[in-house]
>>> print(open('final_30.cif').read())   # mmCIF, C-alpha atoms
data_entry
loop_
_atom_site.group_PDB
_atom_site.id
_atom_site.type_symbol
_atom_site.label_atom_id
_atom_site.label_comp_id
_atom_site.auth_asym_id
_atom_site.auth_seq_id
_atom_site.Cartn_x
_atom_site.Cartn_y
_atom_site.Cartn_z
ATOM 1 C CA MET M 10 -126.466 45.556 -148.903
ATOM 2 C CA PRO M 11 -124.640 45.704 -152.270
ATOM 3 C CA GLU M 12 -126.620 46.650 -155.333
ATOM 4 C CA SER M 13 -127.314 43.803 -157.774
ATOM 5 C CA VAL M 14 -126.951 43.807 -161.530
ATOM 6 C CA ARG M 15 -129.308 41.560 -163.496
ATOM 7 C CA HIS M 16 -127.476 39.712 -166.252
ATOM 8 C CA VAL M 17 -129.299 37.616 -168.833
ATOM 9 C CA ILE M 18 -126.869 34.831 -169.679
ATOM 10 C CA CYS M 19 -128.645 33.072 -172.528
ATOM 11 C CA PRO M 20 -131.825 31.256 -173.519
ATOM 12 C CA LEU M 21 -132.177 28.004 -171.567
ATOM 13 C CA ALA M 22 -132.303 26.177 -174.912
ATOM 14 C CA ASP M 23 -128.694 27.284 -175.605
ATOM 15 C CA VAL M 24 -127.400 25.175 -172.697
ATOM 16 C CA PRO M 25 -126.888 21.614 -173.941
ATOM 17 C CA ASP M 26 -128.738 18.884 -172.035
ATOM 18 C CA PRO M 27 -126.655 17.271 -170.716
ATOM 19 C CA GLY M 28 -123.819 19.709 -171.145
ATOM 20 C CA ALA M 29 -122.052 22.885 -170.144
ATOM 21 C CA LEU M 30 -121.752 26.425 -171.446
ATOM 22 C CA GLY M 31 -119.176 29.044 -170.490
ATOM 23 C CA PHE M 32 -120.033 32.724 -170.109
ATOM 24 C CA SER M 33 -118.717 35.936 -168.612
ATOM 25 C CA PRO M 34 -120.598 38.572 -166.637
ATOM 26 C CA PRO M 35 -120.455 42.242 -167.638
ATOM 27 C CA GLY M 36 -116.981 43.666 -167.054
ATOM 28 C CA ALA M 37 -115.246 40.273 -166.976
ATOM 29 C CA ARG M 38 -111.520 40.218 -167.662
ATOM 30 C CA PHE M 39 -111.469 36.788 -169.294
ATOM 31 C CA PRO M 40 -113.819 34.769 -171.509
ATOM 32 C CA ASP M 41 -115.764 32.001 -169.796
ATOM 33 C CA GLU M 42 -115.098 33.199 -166.241
ATOM 34 C CA TRP M 43 -118.204 31.239 -165.223
ATOM 35 C CA PHE M 44 -120.042 28.245 -166.625
ATOM 36 C CA LEU M 45 -123.421 26.557 -166.522
ATOM 37 C CA VAL M 46 -123.976 22.824 -166.159
ATOM 38 C CA ARG M 47 -127.295 21.303 -167.179
ATOM 39 C CA ARG M 48 -128.793 17.861 -166.732
ATOM 40 C CA GLY M 49 -132.513 17.891 -167.441
ATOM 41 C CA ASP M 50 -134.205 20.329 -165.064
ATOM 42 C CA SER M 51 -131.028 20.637 -162.983
ATOM 43 C CA LEU M 52 -129.062 23.808 -163.812
ATOM 44 C CA HIS M 53 -126.054 25.060 -161.831
ATOM 45 C CA ALA M 54 -123.478 27.821 -162.260
ATOM 46 C CA TYR M 55 -119.843 27.811 -161.137
ATOM 47 C CA ARG M 56 -116.762 30.013 -161.352
ATOM 48 C CA ASN M 57 -114.304 28.618 -163.888
ATOM 49 C CA LEU M 58 -111.528 28.154 -161.335
ATOM 50 C CA CYS M 59 -110.154 24.883 -159.975
ATOM 51 C CA PRO M 60 -109.705 24.983 -156.178
ATOM 52 C CA HIS M 61 -106.578 22.822 -156.514
ATOM 53 C CA ALA M 62 -104.235 25.145 -158.405
ATOM 54 C CA GLY M 63 -106.332 28.085 -159.586
ATOM 55 C CA ASN M 64 -106.413 27.011 -163.240
ATOM 56 C CA PHE M 65 -109.334 27.417 -165.584
ATOM 57 C CA LEU M 66 -111.193 24.097 -165.723
ATOM 58 C CA ASN M 67 -111.767 23.948 -169.471
ATOM 59 C CA TRP M 68 -109.159 23.372 -172.165
ATOM 60 C CA LYS M 69 -111.346 24.799 -174.931
ATOM 61 C CA ALA M 70 -114.671 26.622 -175.135
ATOM 62 C CA ASP M 71 -117.446 24.846 -173.216
ATOM 63 C CA ALA M 72 -115.267 21.757 -172.480
ATOM 64 C CA PHE M 73 -116.062 21.484 -168.762
ATOM 65 C CA LEU M 74 -117.335 17.909 -168.527
ATOM 66 C CA THR M 75 -115.993 14.376 -168.814
ATOM 67 C CA ARG M 76 -116.651 12.599 -172.111
ATOM 68 C CA ASP M 77 -119.756 10.902 -170.722
ATOM 69 C CA LYS M 78 -120.909 14.301 -169.357
ATOM 70 C CA SER M 79 -121.412 12.869 -165.862
ATOM 71 C CA LEU M 80 -118.816 14.994 -164.008
ATOM 72 C CA ILE M 81 -117.115 18.385 -164.227
ATOM 73 C CA MET M 82 -113.425 17.890 -164.997
ATOM 74 C CA CYS M 83 -110.379 20.110 -164.598
ATOM 75 C CA ALA M 84 -108.319 19.722 -167.764
ATOM 76 C CA ALA M 85 -105.089 20.747 -165.992
ATOM 77 C CA HIS M 86 -104.799 18.037 -163.315
ATOM 78 C CA GLY M 87 -107.851 15.805 -163.781
ATOM 79 C CA ALA M 88 -109.835 16.775 -160.683
ATOM 80 C CA LEU M 89 -113.446 15.589 -160.954
ATOM 81 C CA PHE M 90 -116.399 17.457 -159.461
ATOM 82 C CA ASP M 91 -120.019 16.546 -158.840
ATOM 83 C CA PRO M 92 -122.112 18.702 -161.211
ATOM 84 C CA VAL M 93 -124.848 19.323 -158.627
ATOM 85 C CA SER M 94 -122.798 20.161 -155.521
ATOM 86 C CA GLY M 95 -119.494 21.257 -157.071
ATOM 87 C CA ILE M 96 -117.593 19.031 -154.608
ATOM 88 C CA CYS M 97 -114.378 17.377 -155.797
ATOM 89 C CA VAL M 98 -114.986 13.625 -155.819
ATOM 90 C CA ALA M 99 -111.633 12.499 -157.281
ATOM 91 C CA GLY M 100 -108.216 13.916 -158.072
ATOM 92 C CA PRO M 101 -105.860 16.272 -156.248
ATOM 93 C CA CYS M 102 -108.425 18.218 -154.183
ATOM 94 C CA PRO M 103 -110.989 15.777 -152.695
ATOM 95 C CA GLY M 104 -113.692 17.480 -150.665
ATOM 96 C CA ARG M 105 -112.914 20.999 -151.920
ATOM 97 C CA THR M 106 -115.684 22.819 -153.730
ATOM 98 C CA LEU M 107 -116.111 24.917 -156.837
ATOM 99 C CA GLU M 108 -117.428 28.411 -156.200
ATOM 100 C CA ARG M 109 -121.073 28.560 -157.209
ATOM 101 C CA PHE M 110 -123.693 31.241 -157.488
ATOM 102 C CA ALA M 111 -127.426 31.378 -157.828
ATOM 103 C CA ILE M 112 -129.135 31.572 -161.175
ATOM 104 C CA THR M 113 -132.775 31.575 -162.135
ATOM 105 C CA VAL M 114 -134.740 30.790 -165.251
ATOM 106 C CA GLU M 115 -137.120 33.621 -166.132
ATOM 107 C CA GLU M 116 -139.314 33.266 -169.219
ATOM 108 C CA ASN M 117 -136.952 30.571 -170.583
ATOM 109 C CA MET M 118 -133.875 32.787 -170.117
ATOM 110 C CA VAL M 119 -131.031 31.938 -167.719
ATOM 111 C CA VAL M 120 -130.471 34.949 -165.451
ATOM 112 C CA ALA M 121 -127.866 35.767 -162.810
ATOM 113 C CA TYR M 122 -127.807 38.580 -160.290
ATOM 114 C CA PHE M 123 -124.270 39.823 -159.584
ATOM 115 C CA SER M 124 -123.412 42.277 -156.853
ATOM 116 C CA ARG M 125 -121.521 45.334 -158.046
ATOM 117 C CA ASN M 126 -118.497 43.932 -156.145
ATOM 118 C CA ASP M 127 -118.337 40.637 -158.150
#
>>> encode(input="final_30.cif", output="structure tokens")
Amino acid sequence: MPESVRHVICPLADVPDPGALGFSPPGARFPDEWFLVRRGDSLHAYRNLCPHAGNFLNWKADAFLTRDKSLIMCAAHGALFDPVSGICVAGPCPGRTLERFAITVEENMVVAYFSRND
């Protein structure tokens, strides 16, 4: 089993509600390689990569959601994703899914555990 690295992403209070926040794990090659989506007590994390064409989803820092903050949106081709499941609900890749990973909230901090291979 691969060894895990604990990475504290940010205080939970730093994630807008509703909203999104980009971040990168240790050793990342690009800024905002991953992002968090929050709606109340619901918090999810996804890789910042559209399954349609491999583009980053955001067009500027933390711009991952539609204007009404109800869906994740790819700025390149307009694909729309459910923020809870990561499934594309409209656009060029219906039914495809964003890559997600598990996060936890520990003492009001958002924490991820990455394998050394991530």
>>> resolve_selection(input="final_30.cif", expression="the PyMOL selection byres ((chain M and resi 46) around 6)", output="PyMOL selection string")
chain M and resi 28-29+45+47+52-53
>>> closest_residue(input="final_30.cif", among="M:Leu74, M:Leu21, M:Met118, M:Ala62", to="Pro101 of chain M", atoms="all atoms listed in the file")
M:Ala62
>>> closest_residue(input="final_30.cif", among="M:Gly87, M:Phe110, M:Val93, M:Leu58", to="Phe123 of chain M", atoms="all atoms listed in the file")
M:Phe110
>>> closest_residue(input="final_30.cif", among="M:Glu116, M:Asp91, M:Asp77, M:Asp71", to="Pro40 of chain M", atoms="all atoms listed in the file")
M:Asp71
>>> residues_around(input="final_30.cif", residues="Thr113 of chain M", least_positions_apart="4", cutoff="12 Å", atoms="all atoms listed in the file", output="list of chain:residue names")
M:Arg15, M:His16, M:Val17, M:Ile18, M:Cys19, M:Pro20, M:Leu21, M:Leu45, M:Asp50, M:Ser51, M:Leu52, M:His53, M:Ala54, M:Asn117, M:Met118, M:Val119, M:Val120, M:Ala121, M:Tyr122
>>> residues_around(input="final_30.cif", residues="Lys69 of chain M", least_positions_apart="6", cutoff="10 Å", atoms="all atoms listed in the file", output="PyMOL selection string")
chain M and resi 31+41+84
>>> atom_distance(input="final_30.cif", atom1="atom CA of Arg38 of chain M", atom2="atom CA of Arg56 of chain M")
13.1 Å
>>> resolve_selection(input="final_30.cif", expression="the PyMOL selection byres ((chain M and resi 88) around 6)", output="list in words")
Met82, Cys83, His86, Gly87, Leu89, Ala99, Gly100 and Pro101 of chain M
>>> atom_distance(input="final_30.cif", atom1="atom CA of Pro35 of chain M", atom2="atom CA of Ala111 of chain M")
16.2 Å
>>> residues_near_point(input="final_30.cif", point="(-115.7, 17.5, -153.9)", cutoff="12 Å", atoms="all atoms listed in the file", output="PDB file with C-alpha atoms, in the frame of the given file")
ATOM      1  CA  CYS M  59    -110.154  24.883-159.975  1.00  0.00           C
ATOM      2  CA  PRO M  60    -109.705  24.983-156.178  1.00  0.00           C
ATOM      3  CA  HIS M  61    -106.578  22.822-156.514  1.00  0.00           C
ATOM      4  CA  LEU M  80    -118.816  14.994-164.008  1.00  0.00           C
ATOM      5  CA  ILE M  81    -117.115  18.385-164.227  1.00  0.00           C
ATOM      6  CA  MET M  82    -113.425  17.890-164.997  1.00  0.00           C
ATOM      7  CA  ALA M  88    -109.835  16.775-160.683  1.00  0.00           C
ATOM      8  CA  LEU M  89    -113.446  15.589-160.954  1.00  0.00           C
ATOM      9  CA  PHE M  90    -116.399  17.457-159.461  1.00  0.00           C
ATOM     10  CA  ASP M  91    -120.019  16.546-158.840  1.00  0.00           C
ATOM     11  CA  PRO M  92    -122.112  18.702-161.211  1.00  0.00           C
ATOM     12  CA  VAL M  93    -124.848  19.323-158.627  1.00  0.00           C
ATOM     13  CA  SER M  94    -122.798  20.161-155.521  1.00  0.00           C
ATOM     14  CA  GLY M  95    -119.494  21.257-157.071  1.00  0.00           C
ATOM     15  CA  ILE M  96    -117.593  19.031-154.608  1.00  0.00           C
ATOM     16  CA  CYS M  97    -114.378  17.377-155.797  1.00  0.00           C
ATOM     17  CA  VAL M  98    -114.986  13.625-155.819  1.00  0.00           C
ATOM     18  CA  ALA M  99    -111.633  12.499-157.281  1.00  0.00           C
ATOM     19  CA  GLY M 100    -108.216  13.916-158.072  1.00  0.00           C
ATOM     20  CA  PRO M 101    -105.860  16.272-156.248  1.00  0.00           C
ATOM     21  CA  CYS M 102    -108.425  18.218-154.183  1.00  0.00           C
ATOM     22  CA  PRO M 103    -110.989  15.777-152.695  1.00  0.00           C
ATOM     23  CA  GLY M 104    -113.692  17.480-150.665  1.00  0.00           C
ATOM     24  CA  ARG M 105    -112.914  20.999-151.920  1.00  0.00           C
ATOM     25  CA  THR M 106    -115.684  22.819-153.730  1.00  0.00           C
ATOM     26  CA  LEU M 107    -116.111  24.917-156.837  1.00  0.00           C
ATOM     27  CA  GLU M 108    -117.428  28.411-156.200  1.00  0.00           C
TER      28      GLU M 108
END
>>> closest_residue(input="final_30.cif", among="M:Lys78, M:Phe73, M:Ile112, M:Leu66", to="Leu30 of chain M", atoms="all atoms listed in the file")
M:Phe73
>>> axis_aligned_box(input="final_30.cif", around="segment 108-124 of chain M", padding_each_side="6 Å", output="AutoDock Vina command-line options")
--center_x -128.4 --center_y 35.3 --center_z -163.4 --size_x 33.9 --size_y 25.9 --size_z 26.4
>>> closest_residue(input="final_30.cif", among="M:Pro27, M:Ser13, M:Trp43, M:Ser33", to="Arg76 of chain M", atoms="all atoms listed in the file")
M:Pro27
>>> closest_residue(input="final_30.cif", among="M:Gly63, M:Glu115, M:Asp26, M:Arg109", to="Phe44 of chain M", atoms="all atoms listed in the file")
M:Arg109
>>> atom_distance(input="final_30.cif", atom1="atom CA of Phe32 of chain M", atom2="atom CA of Glu12 of chain M")
21.3 Å
>>> decode(input="final_30.cif", residues="segment 19-60 of chain M", atoms="N, CA and C atoms", output="PDB file, in the first residue's frame")
ATOM      1  N   CYS M  19      -6.506  24.217   3.909  1.00  0.00           N
ATOM      2  CA  CYS M  19      -6.835  25.547   4.396  1.00  0.00           C
ATOM      3  C   CYS M  19      -7.837  25.423   5.533  1.00  0.00           C
ATOM      4  N   PRO M  20      -8.081  26.518   6.259  1.00  0.00           N
ATOM      5  CA  PRO M  20      -9.192  26.508   7.209  1.00  0.00           C
ATOM      6  C   PRO M  20     -10.507  26.383   6.437  1.00  0.00           C
ATOM      7  N   LEU M  21     -11.459  25.662   6.991  1.00  0.00           N
ATOM      8  CA  LEU M  21     -12.769  25.511   6.361  1.00  0.00           C
ATOM      9  C   LEU M  21     -13.391  26.882   6.088  1.00  0.00           C
ATOM     10  N   ALA M  22     -13.181  27.833   6.956  1.00  0.00           N
ATOM     11  CA  ALA M  22     -13.741  29.173   6.796  1.00  0.00           C
ATOM     12  C   ALA M  22     -13.215  29.894   5.552  1.00  0.00           C
ATOM     13  N   ASP M  23     -12.086  29.461   4.994  1.00  0.00           N
ATOM     14  CA  ASP M  23     -11.538  30.073   3.785  1.00  0.00           C
ATOM     15  C   ASP M  23     -12.257  29.636   2.516  1.00  0.00           C
ATOM     16  N   VAL M  24     -13.069  28.583   2.599  1.00  0.00           N
ATOM     17  CA  VAL M  24     -13.807  28.102   1.430  1.00  0.00           C
ATOM     18  C   VAL M  24     -15.163  28.793   1.428  1.00  0.00           C
ATOM     19  N   PRO M  25     -15.428  29.634   0.419  1.00  0.00           N
ATOM     20  CA  PRO M  25     -16.698  30.353   0.397  1.00  0.00           C
ATOM     21  C   PRO M  25     -17.892  29.403   0.417  1.00  0.00           C
ATOM     22  N   ASP M  26     -18.984  29.849   1.005  1.00  0.00           N
ATOM     23  CA  ASP M  26     -20.199  29.025   1.099  1.00  0.00           C
ATOM     24  C   ASP M  26     -21.394  29.825   0.605  1.00  0.00           C
ATOM     25  N   PRO M  27     -21.912  29.529  -0.580  1.00  0.00           N
ATOM     26  CA  PRO M  27     -21.420  28.543  -1.539  1.00  0.00           C
ATOM     27  C   PRO M  27     -20.242  29.122  -2.321  1.00  0.00           C
ATOM     28  N   GLY M  28     -19.387  28.230  -2.791  1.00  0.00           N
ATOM     29  CA  GLY M  28     -18.253  28.703  -3.568  1.00  0.00           C
ATOM     30  C   GLY M  28     -17.233  27.626  -3.825  1.00  0.00           C
ATOM     31  N   ALA M  29     -16.104  28.060  -4.365  1.00  0.00           N
ATOM     32  CA  ALA M  29     -15.027  27.138  -4.730  1.00  0.00           C
ATOM     33  C   ALA M  29     -13.685  27.798  -4.430  1.00  0.00           C
ATOM     34  N   LEU M  30     -12.684  26.954  -4.231  1.00  0.00           N
ATOM     35  CA  LEU M  30     -11.345  27.430  -3.910  1.00  0.00           C
ATOM     36  C   LEU M  30     -10.332  26.471  -4.528  1.00  0.00           C
ATOM     37  N   GLY M  31      -9.447  27.003  -5.359  1.00  0.00           N
ATOM     38  CA  GLY M  31      -8.400  26.186  -5.957  1.00  0.00           C
ATOM     39  C   GLY M  31      -7.225  26.018  -5.015  1.00  0.00           C
ATOM     40  N   PHE M  32      -6.503  24.902  -5.175  1.00  0.00           N
ATOM     41  CA  PHE M  32      -5.298  24.667  -4.380  1.00  0.00           C
ATOM     42  C   PHE M  32      -4.422  23.656  -5.106  1.00  0.00           C
ATOM     43  N   SER M  33      -3.206  23.539  -4.668  1.00  0.00           N
ATOM     44  CA  SER M  33      -2.277  22.553  -5.214  1.00  0.00           C
ATOM     45  C   SER M  33      -1.640  21.769  -4.084  1.00  0.00           C
ATOM     46  N   PRO M  34      -1.484  20.466  -4.275  1.00  0.00           N
ATOM     47  CA  PRO M  34      -0.800  19.657  -3.260  1.00  0.00           C
ATOM     48  C   PRO M  34       0.705  19.917  -3.303  1.00  0.00           C
ATOM     49  N   PRO M  35       1.433  19.440  -2.309  1.00  0.00           N
ATOM     50  CA  PRO M  35       2.890  19.604  -2.326  1.00  0.00           C
ATOM     51  C   PRO M  35       3.472  18.996  -3.603  1.00  0.00           C
ATOM     52  N   GLY M  36       4.401  19.691  -4.217  1.00  0.00           N
ATOM     53  CA  GLY M  36       5.058  19.185  -5.418  1.00  0.00           C
ATOM     54  C   GLY M  36       4.275  19.376  -6.702  1.00  0.00           C
ATOM     55  N   ALA M  37       3.179  20.108  -6.664  1.00  0.00           N
ATOM     56  CA  ALA M  37       2.364  20.322  -7.863  1.00  0.00           C
ATOM     57  C   ALA M  37       3.148  21.112  -8.909  1.00  0.00           C
ATOM     58  N   ARG M  38       2.851  20.840 -10.168  1.00  0.00           N
ATOM     59  CA  ARG M  38       3.515  21.557 -11.256  1.00  0.00           C
ATOM     60  C   ARG M  38       2.793  22.839 -11.636  1.00  0.00           C
ATOM     61  N   PHE M  39       1.504  22.920 -11.334  1.00  0.00           N
ATOM     62  CA  PHE M  39       0.706  24.069 -11.736  1.00  0.00           C
ATOM     63  C   PHE M  39      -0.095  24.586 -10.541  1.00  0.00           C
ATOM     64  N   PRO M  40      -0.439  25.873 -10.540  1.00  0.00           N
ATOM     65  CA  PRO M  40      -1.327  26.374  -9.486  1.00  0.00           C
ATOM     66  C   PRO M  40      -2.739  25.823  -9.691  1.00  0.00           C
ATOM     67  N   ASP M  41      -3.443  25.669  -8.616  1.00  0.00           N
ATOM     68  CA  ASP M  41      -4.845  25.224  -8.661  1.00  0.00           C
ATOM     69  C   ASP M  41      -5.042  23.915  -9.422  1.00  0.00           C
ATOM     70  N   GLU M  42      -4.187  22.929  -9.162  1.00  0.00           N
ATOM     71  CA  GLU M  42      -4.356  21.622  -9.800  1.00  0.00           C
ATOM     72  C   GLU M  42      -5.610  20.908  -9.301  1.00  0.00           C
ATOM     73  N   TRP M  43      -6.094  21.300  -8.138  1.00  0.00           N
ATOM     74  CA  TRP M  43      -7.288  20.729  -7.534  1.00  0.00           C
ATOM     75  C   TRP M  43      -8.167  21.868  -7.062  1.00  0.00           C
ATOM     76  N   PHE M  44      -9.414  21.576  -6.731  1.00  0.00           N
ATOM     77  CA  PHE M  44     -10.273  22.613  -6.174  1.00  0.00           C
ATOM     78  C   PHE M  44     -11.317  22.009  -5.253  1.00  0.00           C
ATOM     79  N   LEU M  45     -11.766  22.826  -4.330  1.00  0.00           N
ATOM     80  CA  LEU M  45     -12.818  22.470  -3.384  1.00  0.00           C
ATOM     81  C   LEU M  45     -14.104  23.161  -3.797  1.00  0.00           C
ATOM     82  N   VAL M  46     -15.219  22.492  -3.584  1.00  0.00           N
ATOM     83  CA  VAL M  46     -16.536  23.083  -3.801  1.00  0.00           C
ATOM     84  C   VAL M  46     -17.312  22.909  -2.513  1.00  0.00           C
ATOM     85  N   ARG M  47     -17.901  24.005  -2.045  1.00  0.00           N
ATOM     86  CA  ARG M  47     -18.651  23.967  -0.782  1.00  0.00           C
ATOM     87  C   ARG M  47     -20.053  24.522  -0.965  1.00  0.00           C
ATOM     88  N   ARG M  48     -20.998  23.816  -0.366  1.00  0.00           N
ATOM     89  CA  ARG M  48     -22.382  24.274  -0.255  1.00  0.00           C
ATOM     90  C   ARG M  48     -22.860  23.817   1.108  1.00  0.00           C
ATOM     91  N   GLY M  49     -22.855  24.727   2.072  1.00  0.00           N
ATOM     92  CA  GLY M  49     -23.235  24.370   3.432  1.00  0.00           C
ATOM     93  C   GLY M  49     -22.279  23.353   4.013  1.00  0.00           C
ATOM     94  N   ASP M  50     -22.817  22.240   4.502  1.00  0.00           N
ATOM     95  CA  ASP M  50     -21.983  21.177   5.075  1.00  0.00           C
ATOM     96  C   ASP M  50     -21.390  20.256   4.025  1.00  0.00           C
ATOM     97  N   SER M  51     -21.772  20.443   2.767  1.00  0.00           N
ATOM     98  CA  SER M  51     -21.281  19.604   1.676  1.00  0.00           C
ATOM     99  C   SER M  51     -19.967  20.174   1.141  1.00  0.00           C
ATOM    100  N   LEU M  52     -18.900  19.380   1.184  1.00  0.00           N
ATOM    101  CA  LEU M  52     -17.583  19.806   0.728  1.00  0.00           C
ATOM    102  C   LEU M  52     -16.988  18.690  -0.119  1.00  0.00           C
ATOM    103  N   HIS M  53     -16.563  19.032  -1.332  1.00  0.00           N
ATOM    104  CA  HIS M  53     -16.026  18.038  -2.271  1.00  0.00           C
ATOM    105  C   HIS M  53     -14.762  18.584  -2.903  1.00  0.00           C
ATOM    106  N   ALA M  54     -13.886  17.673  -3.345  1.00  0.00           N
ATOM    107  CA  ALA M  54     -12.632  18.068  -3.979  1.00  0.00           C
ATOM    108  C   ALA M  54     -12.480  17.343  -5.306  1.00  0.00           C
ATOM    109  N   TYR M  55     -12.031  18.092  -6.321  1.00  0.00           N
ATOM    110  CA  TYR M  55     -11.879  17.561  -7.674  1.00  0.00           C
ATOM    111  C   TYR M  55     -10.566  18.018  -8.287  1.00  0.00           C
ATOM    112  N   ARG M  56     -10.071  17.218  -9.244  1.00  0.00           N
ATOM    113  CA  ARG M  56      -8.913  17.622 -10.037  1.00  0.00           C
ATOM    114  C   ARG M  56      -9.389  18.684 -11.026  1.00  0.00           C
ATOM    115  N   ASN M  57      -8.608  19.702 -11.222  1.00  0.00           N
ATOM    116  CA  ASN M  57      -8.942  20.791 -12.130  1.00  0.00           C
ATOM    117  C   ASN M  57      -8.607  20.371 -13.561  1.00  0.00           C
ATOM    118  N   LEU M  58      -9.420  19.477 -14.102  1.00  0.00           N
ATOM    119  CA  LEU M  58      -9.181  18.924 -15.430  1.00  0.00           C
ATOM    120  C   LEU M  58     -10.504  18.482 -16.033  1.00  0.00           C
ATOM    121  N   CYS M  59     -10.897  19.113 -17.129  1.00  0.00           N
ATOM    122  CA  CYS M  59     -12.156  18.758 -17.788  1.00  0.00           C
ATOM    123  C   CYS M  59     -11.989  17.435 -18.529  1.00  0.00           C
ATOM    124  N   PRO M  60     -12.920  16.481 -18.346  1.00  0.00           N
ATOM    125  CA  PRO M  60     -12.807  15.198 -19.028  1.00  0.00           C
ATOM    126  C   PRO M  60     -13.071  15.295 -20.530  1.00  0.00           C
TER     127      PRO M  60
END
